[in-house]
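Okay, upload.pdb is below, PDB, C-alpha atoms:
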ATOM      1  CA  MET Z 723      17.506  -3.581  -3.866
ATOM      2  CA  THR Z 724      17.182  -0.008  -4.889
ATOM      3  CA  LEU Z 725      14.037   0.801  -2.949
ATOM      4  CA  SER Z 726      15.485   0.013   0.467
ATOM      5  CA  ALA Z 727      18.195   2.596  -0.020
ATOM      6  CA  LEU Z 728      15.519   5.217   0.577
ATOM      7  CA  ALA Z 729      14.305   3.734   3.840
ATOM      8  CA  GLU Z 730      16.911   5.672   5.805
ATOM      9  CA  PRO Z 731      15.282   9.063   6.529
ATOM     10  CA  ASN Z 732      18.390  11.170   5.935
ATOM     11  CA  ARG Z 733      19.042   9.410   2.664
ATOM     12  CA  LEU Z 734      15.539  10.267   1.582
ATOM     13  CA  ARG Z 735      16.127  13.886   2.608
ATOM     14  CA  ILE Z 736      19.288  13.961   0.514
ATOM     15  CA  VAL Z 737      17.377  12.594  -2.461
ATOM     16  CA  GLU Z 738      14.673  15.202  -1.985
ATOM     17  CA  LEU Z 739      17.259  17.950  -1.855
ATOM     18  CA  LEU Z 740      18.990  16.665  -4.984
ATOM     19  CA  ARG Z 741      15.652  16.657  -6.735
ATOM     20  CA  GLU Z 742      15.731  20.435  -6.526
ATOM     21  CA  THR Z 743      19.317  20.909  -7.533
ATOM     22  CA  PRO Z 744      22.632  19.054  -7.855
ATOM     23  CA  CYS Z 745      24.863  19.716  -4.839
ATOM     24  CA  SER Z 746      28.309  19.099  -3.421
ATOM     25  CA  VAL Z 747      28.786  17.098  -0.220
ATOM     26  CA  GLY Z 748      29.428  20.316   1.678
ATOM     27  CA  GLU Z 749      26.235  21.965   0.435
ATOM     28  CA  ILE Z 750      24.159  18.926   1.325
ATOM     29  CA  ALA Z 751      25.661  18.756   4.818
ATOM     30  CA  LYS Z 752      24.995  22.443   5.357
ATOM     31  CA  ARG Z 753      21.448  22.502   4.070
ATOM     32  CA  LEU Z 754      20.349  19.387   5.907
ATOM     33  CA  VAL Z 755      22.441  20.094   9.019
ATOM     34  CA  LEU Z 756      24.229  16.772   8.811
ATOM     35  CA  ARG Z 757      27.874  15.915   9.341
ATOM     36  CA  GLN Z 758      29.897  15.702   6.161
ATOM     37  CA  PRO Z 759      31.200  12.115   6.680
ATOM     38  CA  GLN Z 760      27.621  11.022   7.295
ATOM     39  CA  VAL Z 761      26.522  12.647   4.039
ATOM     40  CA  SER Z 762      29.409  11.013   2.167
ATOM     41  CA  LYS Z 763      28.386   7.629   3.515
ATOM     42  CA  HIS Z 764      24.788   8.098   2.391
ATOM     43  CA  LEU Z 765      25.910   9.337  -1.020
ATOM     44  CA  ARG Z 766      28.072   6.260  -1.431
ATOM     45  CA  VAL Z 767      25.051   4.010  -0.822
ATOM     46  CA  LEU Z 768      22.865   6.060  -3.151
ATOM     47  CA  ASN Z 769      25.580   5.948  -5.791
ATOM     48  CA  GLU Z 770      25.980   2.172  -5.495
ATOM     49  CA  VAL Z 771      22.294   1.563  -6.166
ATOM     50  CA  GLY Z 772      22.350   4.002  -9.061
ATOM     51  CA  PHE Z 773      20.142   6.717  -7.587
ATOM     52  CA  VAL Z 774      22.846   9.328  -7.549
ATOM     53  CA  GLY Z 775      25.552  10.141 -10.062
ATOM     54  CA  VAL Z 776      28.566  12.336  -9.600
ATOM     55  CA  ARG Z 777      30.435  14.692 -11.883
ATOM     56  CA  ALA Z 778      33.494  16.825 -11.315
ATOM     57  CA  MET Z 779      33.098  20.592 -11.573
ATOM     58  CA  ALA Z 780      36.114  22.785 -10.894
ATOM     59  CA  GLN Z 781      37.516  21.458  -7.594
ATOM     60  CA  GLN Z 782      34.219  19.965  -6.530
ATOM     61  CA  ARG Z 783      32.351  16.748  -6.935
ATOM     62  CA  ILE Z 784      28.721  17.531  -7.666
ATOM     63  CA  TYR Z 785      26.079  14.943  -6.894
ATOM     64  CA  GLN Z 786      22.924  14.677  -8.947
ATOM     65  CA  LEU Z 787      19.949  12.383  -9.256
ATOM     66  CA  GLU Z 788      19.845   9.733 -11.925
ATOM     67  CA  ALA Z 789      16.406   9.575 -13.464
ATOM     68  CA  ARG Z 790      16.076   5.923 -14.360
ATOM     69  CA  PRO Z 791      15.866   4.168 -10.983
ATOM     70  CA  PHE Z 792      13.293   6.700  -9.889
ATOM     71  CA  GLU Z 793      11.087   6.015 -12.807
ATOM     72  CA  GLU Z 794      11.228   2.355 -11.887
ATOM     73  CA  LEU Z 795      10.624   2.971  -8.193
ATOM     74  CA  GLU Z 796       7.786   5.326  -8.875
ATOM     75  CA  THR Z 797       6.214   2.774 -11.150
ATOM     76  CA  TRP Z 798       6.330   0.162  -8.389
ATOM     77  CA  LEU Z 799       4.855   2.393  -5.773
ATOM     78  CA  GLU Z 800       2.280   3.943  -8.071
ATOM     79  CA  SER Z 801       1.099   0.616  -9.334
ATOM     80  CA  PHE Z 802       0.915  -0.899  -5.886
ATOM     81  CA  LYS Z 803      -1.092   2.151  -4.915
ATOM     82  CA  GLY Z 804      -3.218   1.730  -8.009
ATOM     83  CA  LEU Z 805      -4.199  -1.798  -7.052
ATOM     84  CA  TRP Z 806      -5.370  -0.722  -3.603
ATOM     85  CA  GLU Z 807      -6.984   2.450  -4.877
ATOM     86  CA  SER Z 808      -9.129   0.457  -7.246
ATOM     87  CA  ARG Z 809     -10.010  -2.014  -4.485
ATOM     88  CA  TYR Z 810     -10.914   0.785  -2.107
ATOM     89  CA  ARG Z 811     -13.098   2.501  -4.690
ATOM     90  CA  ARG Z 812     -15.052  -0.731  -4.880
ATOM     91  CA  LEU Z 813     -15.150  -0.802  -1.090
ATOM     92  CA  ASP Z 814     -16.515   2.766  -1.123
ATOM     93  CA  SER Z 815     -19.473   1.780  -3.233
ATOM     94  CA  LEU Z 816     -19.996  -1.392  -1.181
ATOM     95  CA  LEU Z 817     -20.053   0.631   2.053
ATOM     96  CA  ASP Z 818     -22.544   3.031   0.498
ATOM     97  CA  LYS Z 819     -24.808   0.110  -0.304
ATOM     98  CA  LEU Z 820     -24.415  -1.402   3.169
ATOM     99  CA  LYS Z 821     -25.313   1.908   4.788
ATOM    100  CA  THR Z 822     -28.418   2.189   2.648
ATOM    101  CA  ASP Z 823     -29.390  -1.428   3.419
ATOM    102  CA  ARG Z 824     -29.067  -0.857   7.144
ATOM    103  CA  LYS Z 825     -31.250   2.203   7.055
ATOM    104  CA  THR Z 826     -33.959   0.526   5.012
ATOM    105  CA  THR Z 827     -34.002  -2.884   6.708
ATOM    106  CA  LYS Z 828     -33.321  -1.999  10.327
ATOM    107  CA  GLY Z 829     -35.184   1.265  10.595
ATOM    108  CA  GLY Z 830     -34.030   3.624  13.318
ATOM    109  CA  HIS Z 831     -32.053   1.118  15.395
ATOM    110  CA  GLN Z 832     -28.705   1.830  13.769
ATOM    111  CA  ARG Z 833     -26.680   4.857  14.573
ATOM    112  CA  SER Z 834     -26.521   7.277  11.719
TER     113      SER Z 834
ATOM    114  CA  MET H1473     -14.504  12.770   1.426
ATOM    115  CA  ASN H1474     -10.784  12.435   1.050
ATOM    116  CA  GLU H1475     -10.358   9.522  -1.324
ATOM    117  CA  SER H1476      -6.634   9.708  -1.774
ATOM    118  CA  LEU H1477      -4.568   6.801  -0.620
ATOM    119  CA  LYS H1478      -1.344   7.657   1.151
ATOM    120  CA  LEU H1479       1.394   5.096   0.715
ATOM    121  CA  THR H1480       4.620   5.231   2.699
ATOM    122  CA  THR H1481       7.589   2.999   3.448
ATOM    123  CA  PRO H1482       8.149   3.707   7.183
ATOM    124  CA  THR H1483      11.121   1.323   7.427
ATOM    125  CA  ASP H1484      12.945  -0.783   4.871
ATOM    126  CA  ARG H1485      10.800  -3.813   5.779
ATOM    127  CA  GLU H1486       7.422  -2.098   5.768
ATOM    128  CA  ILE H1487       4.785  -0.672   3.478
ATOM    129  CA  SER H1488       1.998   1.325   5.004
ATOM    130  CA  TRP H1489      -1.069   2.888   3.458
ATOM    131  CA  THR H1490      -3.905   5.004   4.766
ATOM    132  CA  ARG H1491      -7.346   5.696   3.371
ATOM    133  CA  VAL H1492     -10.480   7.410   4.686
ATOM    134  CA  PHE H1493     -13.874   5.728   4.242
ATOM    135  CA  ASP H1494     -17.242   7.372   4.458
ATOM    136  CA  ALA H1495     -18.676   4.853   6.932
ATOM    137  CA  ALA H1496     -18.442   3.899  10.615
ATOM    138  CA  PRO H1497     -15.664   1.495  11.729
ATOM    139  CA  ASP H1498     -18.040  -1.401  12.429
ATOM    140  CA  LEU H1499     -19.217  -1.352   8.837
ATOM    141  CA  VAL H1500     -15.670  -1.165   7.471
ATOM    142  CA  PHE H1501     -14.667  -3.978   9.834
ATOM    143  CA  GLU H1502     -17.450  -6.148   8.418
ATOM    144  CA  ALA H1503     -16.349  -5.440   4.862
ATOM    145  CA  LEU H1504     -12.810  -6.510   5.797
ATOM    146  CA  THR H1505     -13.776  -9.763   7.494
ATOM    147  CA  LYS H1506     -16.973 -11.180   5.978
ATOM    148  CA  PRO H1507     -16.310 -13.398   2.935
ATOM    149  CA  GLU H1508     -19.515 -12.407   1.153
ATOM    150  CA  LEU H1509     -18.438  -8.761   1.416
ATOM    151  CA  LEU H1510     -14.724  -9.317   0.740
ATOM    152  CA  ARG H1511     -15.597 -11.019  -2.529
ATOM    153  CA  ARG H1512     -17.229  -7.832  -3.717
ATOM    154  CA  TRP H1513     -14.241  -5.545  -3.434
ATOM    155  CA  LEU H1514     -10.966  -7.423  -2.791
ATOM    156  CA  LEU H1515     -10.345  -8.031  -6.465
ATOM    157  CA  GLY H1516      -7.344  -7.866  -8.704
ATOM    158  CA  PRO H1517      -7.101  -6.489 -12.209
ATOM    159  CA  GLU H1518      -9.643  -7.054 -14.953
ATOM    160  CA  GLY H1519     -10.084 -10.729 -15.786
ATOM    161  CA  TRP H1520      -9.298 -12.064 -12.313
ATOM    162  CA  THR H1521     -12.072 -13.443 -10.175
ATOM    163  CA  MET H1522     -11.989 -14.391  -6.527
ATOM    164  CA  VAL H1523     -12.747 -18.101  -6.443
ATOM    165  CA  VAL H1524     -11.952 -18.863  -2.808
ATOM    166  CA  CYS H1525     -12.615 -16.595   0.144
ATOM    167  CA  GLN H1526     -12.599 -18.332   3.509
ATOM    168  CA  VAL H1527     -12.375 -16.546   6.836
ATOM    169  CA  ASP H1528     -12.225 -18.124  10.276
ATOM    170  CA  LEU H1529     -12.375 -14.933  12.276
ATOM    171  CA  ARG H1530     -10.830 -15.828  15.627
ATOM    172  CA  VAL H1531      -7.337 -15.611  17.049
ATOM    173  CA  GLY H1532      -5.474 -18.589  15.616
ATOM    174  CA  GLY H1533      -8.082 -18.968  12.870
ATOM    175  CA  ALA H1534      -7.068 -19.051   9.223
ATOM    176  CA  TYR H1535      -8.136 -17.121   6.156
ATOM    177  CA  ARG H1536      -7.544 -18.058   2.558
ATOM    178  CA  TYR H1537      -8.067 -16.149  -0.680
ATOM    179  CA  VAL H1538      -7.602 -17.485  -4.207
ATOM    180  CA  TRP H1539      -8.001 -15.529  -7.422
ATOM    181  CA  SER H1540      -8.234 -17.070 -10.842
ATOM    182  CA  HIS H1541      -7.616 -15.863 -14.388
ATOM    183  CA  PRO H1542      -8.488 -17.792 -17.579
ATOM    184  CA  ASP H1543      -4.999 -17.388 -19.075
ATOM    185  CA  GLN H1544      -2.782 -16.568 -16.136
ATOM    186  CA  GLY H1545      -3.848 -19.302 -13.747
ATOM    187  CA  ARG H1546      -4.403 -18.984 -10.041
ATOM    188  CA  MET H1547      -2.950 -16.864  -7.299
ATOM    189  CA  GLY H1548      -3.500 -17.863  -3.723
ATOM    190  CA  MET H1549      -2.637 -16.411  -0.360
ATOM    191  CA  GLY H1550      -3.612 -16.812   3.233
ATOM    192  CA  GLY H1551      -2.574 -16.638   6.844
ATOM    193  CA  ILE H1552      -3.561 -16.781  10.502
ATOM    194  CA  TYR H1553      -5.308 -14.167  12.613
ATOM    195  CA  ARG H1554      -3.163 -13.077  15.524
ATOM    196  CA  GLU H1555      -5.245 -10.275  17.016
ATOM    197  CA  ILE H1556      -8.851  -9.280  16.520
ATOM    198  CA  VAL H1557     -10.250  -6.232  18.270
ATOM    199  CA  ARG H1558     -13.645  -5.474  16.790
ATOM    200  CA  PRO H1559     -14.060  -2.956  15.197
ATOM    201  CA  GLU H1560     -10.650  -1.351  15.468
ATOM    202  CA  ARG H1561      -7.743  -3.708  14.880
ATOM    203  CA  ILE H1562      -6.799  -6.856  12.989
ATOM    204  CA  VAL H1563      -3.346  -8.437  12.935
ATOM    205  CA  ASN H1564      -2.714 -11.405  10.684
ATOM    206  CA  THR H1565       0.066 -13.221   8.919
ATOM    207  CA  GLU H1566       0.119 -13.226   5.131
ATOM    208  CA  ALA H1567       1.849 -15.654   2.790
ATOM    209  CA  TYR H1568       1.505 -16.119  -0.965
ATOM    210  CA  ASP H1569       1.423 -19.641  -2.420
ATOM    211  CA  ASP H1570       4.034 -18.774  -5.025
ATOM    212  CA  TYR H1571       6.491 -16.806  -2.900
ATOM    213  CA  PRO H1572       8.548 -17.890   0.063
ATOM    214  CA  GLY H1573       8.283 -16.050   3.356
ATOM    215  CA  GLU H1574       5.590 -14.580   5.487
ATOM    216  CA  ALA H1575       4.538 -11.037   6.273
ATOM    217  CA  VAL H1576       2.551  -9.616   9.170
ATOM    218  CA  GLY H1577      -0.277  -7.232   8.374
ATOM    219  CA  THR H1578      -1.819  -4.822  10.847
ATOM    220  CA  VAL H1579      -5.051  -3.036  10.053
ATOM    221  CA  VAL H1580      -6.128  -0.190  12.314
ATOM    222  CA  LEU H1581      -9.516   1.515  12.059
ATOM    223  CA  VAL H1582      -9.949   4.894  13.700
ATOM    224  CA  GLU H1583     -13.313   6.609  13.893
ATOM    225  CA  GLN H1584     -13.269  10.253  12.906
ATOM    226  CA  GLY H1585     -16.659  11.901  12.830
ATOM    227  CA  ALA H1586     -18.773   9.876  10.457
ATOM    228  CA  THR H1587     -15.724   8.454   8.700
ATOM    229  CA  THR H1588     -13.145   5.770   9.348
ATOM    230  CA  ILE H1589      -9.426   6.119   8.840
ATOM    231  CA  LEU H1590      -8.026   2.778   7.759
ATOM    232  CA  THR H1591      -4.291   2.191   8.034
ATOM    233  CA  THR H1592      -2.702  -1.011   6.803
ATOM    234  CA  THR H1593       0.904  -1.771   7.629
ATOM    235  CA  MET H1594       2.671  -4.765   6.178
ATOM    236  CA  LEU H1595       5.869  -5.932   7.837
ATOM    237  CA  TYR H1596       7.982  -8.236   5.664
ATOM    238  CA  GLU H1597      10.777 -10.600   6.650
ATOM    239  CA  SER H1598      13.324  -8.592   4.722
ATOM    240  CA  LYS H1599      13.537  -5.550   2.525
ATOM    241  CA  GLU H1600      14.068  -7.869  -0.446
ATOM    242  CA  ALA H1601      10.771  -9.592   0.331
ATOM    243  CA  ARG H1602       8.978  -6.270   0.554
ATOM    244  CA  ASP H1603      10.435  -4.999  -2.694
ATOM    245  CA  ALA H1604       9.490  -8.230  -4.417
ATOM    246  CA  VAL H1605       5.885  -7.688  -3.372
ATOM    247  CA  LEU H1606       5.939  -4.153  -4.741
ATOM    248  CA  ARG H1607       7.356  -5.394  -8.025
ATOM    249  CA  THR H1608       4.880  -8.242  -8.292
ATOM    250  CA  ASN H1609       1.963  -5.926  -7.805
ATOM    251  CA  MET H1610       3.205  -3.598 -10.509
ATOM    252  CA  ALA H1611       1.505  -5.201 -13.487
ATOM    253  CA  ASP H1612      -1.628  -5.857 -11.467
ATOM    254  CA  GLY H1613      -1.903  -2.308 -10.280
ATOM    255  CA  LEU H1614      -1.395  -0.726 -13.664
ATOM    256  CA  ALA H1615      -4.124  -2.759 -15.254
ATOM    257  CA  ALA H1616      -6.442  -2.369 -12.299
ATOM    258  CA  SER H1617      -6.112   1.341 -11.890
ATOM    259  CA  TYR H1618      -7.472   2.127 -15.333
ATOM    260  CA  SER H1619     -10.099  -0.427 -16.187
ATOM    261  CA  ARG H1620     -11.656  -0.645 -12.746
ATOM    262  CA  LEU H1621     -11.758   3.081 -12.266
ATOM    263  CA  ALA H1622     -14.393   3.592 -14.878
ATOM    264  CA  ARG H1623     -16.550   0.805 -13.547
ATOM    265  CA  ALA H1624     -16.190   1.759  -9.901
ATOM    266  CA  LEU H1625     -17.177   5.329 -10.679
ATOM    267  CA  ALA H1626     -20.185   4.189 -12.620
ATOM    268  CA  GLU H1627     -21.206   1.862  -9.794
ATOM    269  CA  SER H1628     -20.826   4.401  -7.042
ATOM    270  CA  LYS H1629     -22.896   6.860  -9.043
ATOM    271  CA  GLY H1630     -25.567   4.230  -9.516
ATOM    272  CA  ALA H1631     -25.605   3.489  -5.788
ATOM    273  CA  ARG H1632     -26.302   7.087  -4.847
TER     274      ARG H1632
END
Rewrite the coordinates I just gave you, this time as structure tokens.
Amino acid sequence: MTLSALAEPNRLRIVELLRETPCSVGEIAKRLVLRQPQVSKHLRVLNEVGFVGVRAMAQQRIYQLEARPFEELETWLESFKGLWESRYRRLDSLLDKLKTDRKTTKGGHQRS
Amino acid sequence: MNESLKLTTPTDREISWTRVFDAAPDLVFEALTKPELLRRWLLGPEGWTMVVCQVDLRVGGAYRYVWSHPDQGRMGMGGIYREIVRPERIVNTEAYDDYPGEAVGTVVLVEQGATTILTTTMLYESKEARDAVLRTNMADGLAASYSRLARALAESKGAR
């Protein structure tokens, strides 16, 4: 599953860094203060699930984000969020009504 | 009031979301546990209605929710309450009729001034199970977020 690849905090940090700019393993390790073998391991996972692509430039391998899986992931998260946001907006208006009911039916006995 | 919902994936088996409500925790707690109140907000996308909402609010007690749609059939879920600390904490299991496996949900209510910070954390049996839930909710969420928005806004304006 693609989503779980991001559960590891350092992997997420790598993804966030690559969102700004494509980097080599060495640059990633330096900027995130991680060991290079560790970074390589994370990049391998991210590459396997299709988050990260690699291209050769001069002597270096440059890692970059692939757009597609992120669009999919974002859609999942956004839509899951959307469902709860719409439920909670309904809950907002329900709570408003309940507060008003309490004030009108129970007088001053409720805390404000 | 801060109405934005913050959604995170703290571990590869969890989804967690936080939202602030403009009401005291006891009122929010009621809205989360009383069937006649749950029916008014715990809805899915347009076209779905909540046809069953049963709550036996005690440790070891069960709850069951069923939604129905004229074309898409029924969707049911339910579970058992494991912890109830009124008005600050609810832990319950959660299983969908149509999917294998069981998740554990923890709801925490924290009073902050006149508001309540609600945090829900769902712990799934595996990351695959969690991701499946996210995917399943995709279509629902997309439809819900647009059509209900307009109505909810209109309603909340009318209530004020």
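The nearest approach to chain Z among the residues H:Ala1567, H:Val1492, H:Leu1529, H:Leu1514, with all atoms listed in the file taken into account, belongs to H:Leu1514.
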Pick out the closest residue to chain H from this set: Z:Leu805, Z:Val755, Z:Leu820, Z:Ala789. Count only C-alpha atoms.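 Looking only at the distances to chain H, the closest residue turns out to be Z:Leu805.
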Selection under test: the PyMOL selection byres ((chain Z and resi 766-778) around 8); residues as a tab-separated table (two decimals) with C-alpha atoms, in the coordinates of the input:
chain	number	residue	atom	x	y	z
Z	723	MET	CA	17.51	-3.58	-3.87
Z	724	THR	CA	17.18	-0.01	-4.89
Z	727	ALA	CA	18.20	2.60	-0.02
Z	733	ARG	CA	19.04	9.41	2.66
Z	762	SER	CA	29.41	11.01	2.17
Z	763	LYS	CA	28.39	7.63	3.52
Z	764	HIS	CA	24.79	8.10	2.39
Z	765	LEU	CA	25.91	9.34	-1.02
Z	779	MET	CA	33.10	20.59	-11.57
Z	780	ALA	CA	36.11	22.78	-10.89
Z	781	GLN	CA	37.52	21.46	-7.59
Z	782	GLN	CA	34.22	19.96	-6.53
Z	783	ARG	CA	32.35	16.75	-6.94
Z	784	ILE	CA	28.72	17.53	-7.67
Z	785	TYR	CA	26.08	14.94	-6.89
Z	786	GLN	CA	22.92	14.68	-8.95
Z	787	LEU	CA	19.95	12.38	-9.26
Z	788	GLU	CA	19.84	9.73	-11.92
Z	789	ALA	CA	16.41	9.57	-13.46
Z	790	ARG	CA	16.08	5.92	-14.36
Z	791	PRO	CA	15.87	4.17	-10.98
Z	792	PHE	CA	13.29	6.70	-9.89
Assuming the chain letters and numbering stay as they are in my file, what does the PyMOL selection byres ((chain H and resi 1561-1565) around 12) actually select? List them as a PyMOL selection string. chain H and resi 1497-1498+1500-1502+1504-1505+1527-1536+1549-1560+1566-1568+1573-1583+1589-1597
Selection from above, C-alpha atoms, as a PDB file, keeping the file's coordinate frame, can you write it?
ATOM      1  CA  PRO H1497     -15.664   1.495  11.729  1.00  0.00           C
ATOM      2  CA  ASP H1498     -18.040  -1.401  12.429  1.00  0.00           C
ATOM      3  CA  VAL H1500     -15.670  -1.165   7.471  1.00  0.00           C
ATOM      4  CA  PHE H1501     -14.667  -3.978   9.834  1.00  0.00           C
ATOM      5  CA  GLU H1502     -17.450  -6.148   8.418  1.00  0.00           C
ATOM      6  CA  LEU H1504     -12.810  -6.510   5.797  1.00  0.00           C
ATOM      7  CA  THR H1505     -13.776  -9.763   7.494  1.00  0.00           C
ATOM      8  CA  VAL H1527     -12.375 -16.546   6.836  1.00  0.00           C
ATOM      9  CA  ASP H1528     -12.225 -18.124  10.276  1.00  0.00           C
ATOM     10  CA  LEU H1529     -12.375 -14.933  12.276  1.00  0.00           C
ATOM     11  CA  ARG H1530     -10.830 -15.828  15.627  1.00  0.00           C
ATOM     12  CA  VAL H1531      -7.337 -15.611  17.049  1.00  0.00           C
ATOM     13  CA  GLY H1532      -5.474 -18.589  15.616  1.00  0.00           C
ATOM     14  CA  GLY H1533      -8.082 -18.968  12.870  1.00  0.00           C
ATOM     15  CA  ALA H1534      -7.068 -19.051   9.223  1.00  0.00           C
ATOM     16  CA  TYR H1535      -8.136 -17.121   6.156  1.00  0.00           C
ATOM     17  CA  ARG H1536      -7.544 -18.058   2.558  1.00  0.00           C
ATOM     18  CA  MET H1549      -2.637 -16.411  -0.360  1.00  0.00           C
ATOM     19  CA  GLY H1550      -3.612 -16.812   3.233  1.00  0.00           C
ATOM     20  CA  GLY H1551      -2.574 -16.638   6.844  1.00  0.00           C
ATOM     21  CA  ILE H1552      -3.561 -16.781  10.502  1.00  0.00           C
ATOM     22  CA  TYR H1553      -5.308 -14.167  12.613  1.00  0.00           C
ATOM     23  CA  ARG H1554      -3.163 -13.077  15.524  1.00  0.00           C
ATOM     24  CA  GLU H1555      -5.245 -10.275  17.016  1.00  0.00           C
ATOM     25  CA  ILE H1556      -8.851  -9.280  16.520  1.00  0.00           C
ATOM     26  CA  VAL H1557     -10.250  -6.232  18.270  1.00  0.00           C
ATOM     27  CA  ARG H1558     -13.645  -5.474  16.790  1.00  0.00           C
ATOM     28  CA  PRO H1559     -14.060  -2.956  15.197  1.00  0.00           C
ATOM     29  CA  GLU H1560     -10.650  -1.351  15.468  1.00  0.00           C
ATOM     30  CA  GLU H1566       0.119 -13.226   5.131  1.00  0.00           C
ATOM     31  CA  ALA H1567       1.849 -15.654   2.790  1.00  0.00           C
ATOM     32  CA  TYR H1568       1.505 -16.119  -0.965  1.00  0.00           C
ATOM     33  CA  GLY H1573       8.283 -16.050   3.356  1.00  0.00           C
ATOM     34  CA  GLU H1574       5.590 -14.580   5.487  1.00  0.00           C
ATOM     35  CA  ALA H1575       4.538 -11.037   6.273  1.00  0.00           C
ATOM     36  CA  VAL H1576       2.551  -9.616   9.170  1.00  0.00           C
ATOM     37  CA  GLY H1577      -0.277  -7.232   8.374  1.00  0.00           C
ATOM     38  CA  THR H1578      -1.819  -4.822  10.847  1.00  0.00           C
ATOM     39  CA  VAL H1579      -5.051  -3.036  10.053  1.00  0.00           C
ATOM     40  CA  VAL H1580      -6.128  -0.190  12.314  1.00  0.00           C
ATOM     41  CA  LEU H1581      -9.516   1.515  12.059  1.00  0.00           C
ATOM     42  CA  VAL H1582      -9.949   4.894  13.700  1.00  0.00           C
ATOM     43  CA  GLU H1583     -13.313   6.609  13.893  1.00  0.00           C
ATOM     44  CA  ILE H1589      -9.426   6.119   8.840  1.00  0.00           C
ATOM     45  CA  LEU H1590      -8.026   2.778   7.759  1.00  0.00           C
ATOM     46  CA  THR H1591      -4.291   2.191   8.034  1.00  0.00           C
ATOM     47  CA  THR H1592      -2.702  -1.011   6.803  1.00  0.00           C
ATOM     48  CA  THR H1593       0.904  -1.771   7.629  1.00  0.00           C
ATOM     49  CA  MET H1594       2.671  -4.765   6.178  1.00  0.00           C
ATOM     50  CA  LEU H1595       5.869  -5.932   7.837  1.00  0.00           C
ATOM     51  CA  TYR H1596       7.982  -8.236   5.664  1.00  0.00           C
ATOM     52  CA  GLU H1597      10.777 -10.600   6.650  1.00  0.00           C
TER      53      GLU H1597
END
So that all listed atoms of region 1523-1538 of chain H fit with 4 Å spare on each side, what axis-aligned box centre and edge lengths in Å, to one decimal, would you give as JSON?
{"center_x": -9.1, "center_y": -17.0, "center_z": 5.3, "size_x": 15.3, "size_y": 12.1, "size_z": 31.5}
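Among the candidates H:Glu1486, H:Lys1599, H:Gly1516, H:Asp1494, the residue lying nearest to Ser801 (chain Z) is H:Gly1516 (atoms considered: all atoms listed in the file).
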Nearest-residue call for chain H, choices Z:Pro759, Z:Pro731, Z:Gly748, Z:Gly804, using all atoms listed in the file: Z:Gly804
Need to verify the contact set: His1541 (chain H), 12 Å, only C-alpha atoms, exclusion of same-chain residues closer than 2 positions in sequence. Can you return it as number ranges by chain? H: 1515-1523, 1538-1539, 1543-1548
Can you write out the residues you just picked, keeping C-alpha atoms, as a compact mmCIF listing (two decimals), keeping the file's coordinate frame?
# COMPACT_ATOMS: atom_id res chain seq x y z
CA LEU H 1515 -10.34 -8.03 -6.46
CA GLY H 1516 -7.34 -7.87 -8.70
CA PRO H 1517 -7.10 -6.49 -12.21
CA GLU H 1518 -9.64 -7.05 -14.95
CA GLY H 1519 -10.08 -10.73 -15.79
CA TRP H 1520 -9.30 -12.06 -12.31
CA THR H 1521 -12.07 -13.44 -10.18
CA MET H 1522 -11.99 -14.39 -6.53
CA VAL H 1523 -12.75 -18.10 -6.44
CA VAL H 1538 -7.60 -17.48 -4.21
CA TRP H 1539 -8.00 -15.53 -7.42
CA ASP H 1543 -5.00 -17.39 -19.08
CA GLN H 1544 -2.78 -16.57 -16.14
CA GLY H 1545 -3.85 -19.30 -13.75
CA ARG H 1546 -4.40 -18.98 -10.04
CA MET H 1547 -2.95 -16.86 -7.30
CA GLY H 1548 -3.50 -17.86 -3.72
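Nearest-residue note for chain H: choosing from Z:Lys752, Z:Arg735, Z:Arg824, Z:Arg741, the minimum distance belongs to Z:Arg824, counting only C-alpha atoms.
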Pick from H:Thr1490, H:Pro1507, H:Asp1603, H:Gln1584, whichever lies nearest to chain Z using all atoms listed in the file: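 Checking each of H:Thr1490, H:Pro1507, H:Asp1603, H:Gln1584 against chain Z, counting all atoms listed in the file, the winner is H:Asp1603.
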Between CA of Arg1491 (chain H) and CA of Lys1506 (chain H), measure the distance and give it in Å to one decimal.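 Computed distance, CA of Arg1491 (chain H) to CA of Lys1506 (chain H), equals 19.6 Å.
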Report, in Å with one decimal, the straight-line distance from CA of Ile736 (chain Z) to CA of Ile1487 (chain H). 20.8 Å
Which residues, written as a list of chain:residue names, have at least one atom at most 9 Å from Leu1477 (chain H), with all atoms listed in the file counted and residues fewer than 2 positions away on the same chain left out?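 Surrounding residues, per the criterion: Z:Lys803, Z:Trp806, Z:Glu807, Z:Tyr810, H:Asn1474, H:Glu1475, H:Leu1479, H:Trp1489, H:Thr1490, H:Arg1491, H:Val1492.
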Those residues you just picked out, can you put them in a file as an mmCIF file, in the coordinates of the input with C-alpha atoms?
data_model
loop_
_atom_site.group_PDB
_atom_site.id
_atom_site.type_symbol
_atom_site.label_atom_id
_atom_site.label_comp_id
_atom_site.auth_asym_id
_atom_site.auth_seq_id
_atom_site.Cartn_x
_atom_site.Cartn_y
_atom_site.Cartn_z
ATOM 1 C CA LYS Z 803 -1.092 2.151 -4.915
ATOM 2 C CA TRP Z 806 -5.370 -0.722 -3.603
ATOM 3 C CA GLU Z 807 -6.984 2.450 -4.877
ATOM 4 C CA TYR Z 810 -10.914 0.785 -2.107
ATOM 5 C CA ASN H 1474 -10.784 12.435 1.050
ATOM 6 C CA GLU H 1475 -10.358 9.522 -1.324
ATOM 7 C CA LEU H 1479 1.394 5.096 0.715
ATOM 8 C CA TRP H 1489 -1.069 2.888 3.458
ATOM 9 C CA THR H 1490 -3.905 5.004 4.766
ATOM 10 C CA ARG H 1491 -7.346 5.696 3.371
ATOM 11 C CA VAL H 1492 -10.480 7.410 4.686
#
At what distance in Å, to one decimal, does CA of Leu1499 (chain H) lie from CA of Pro1482 (chain H)? 27.9 Å
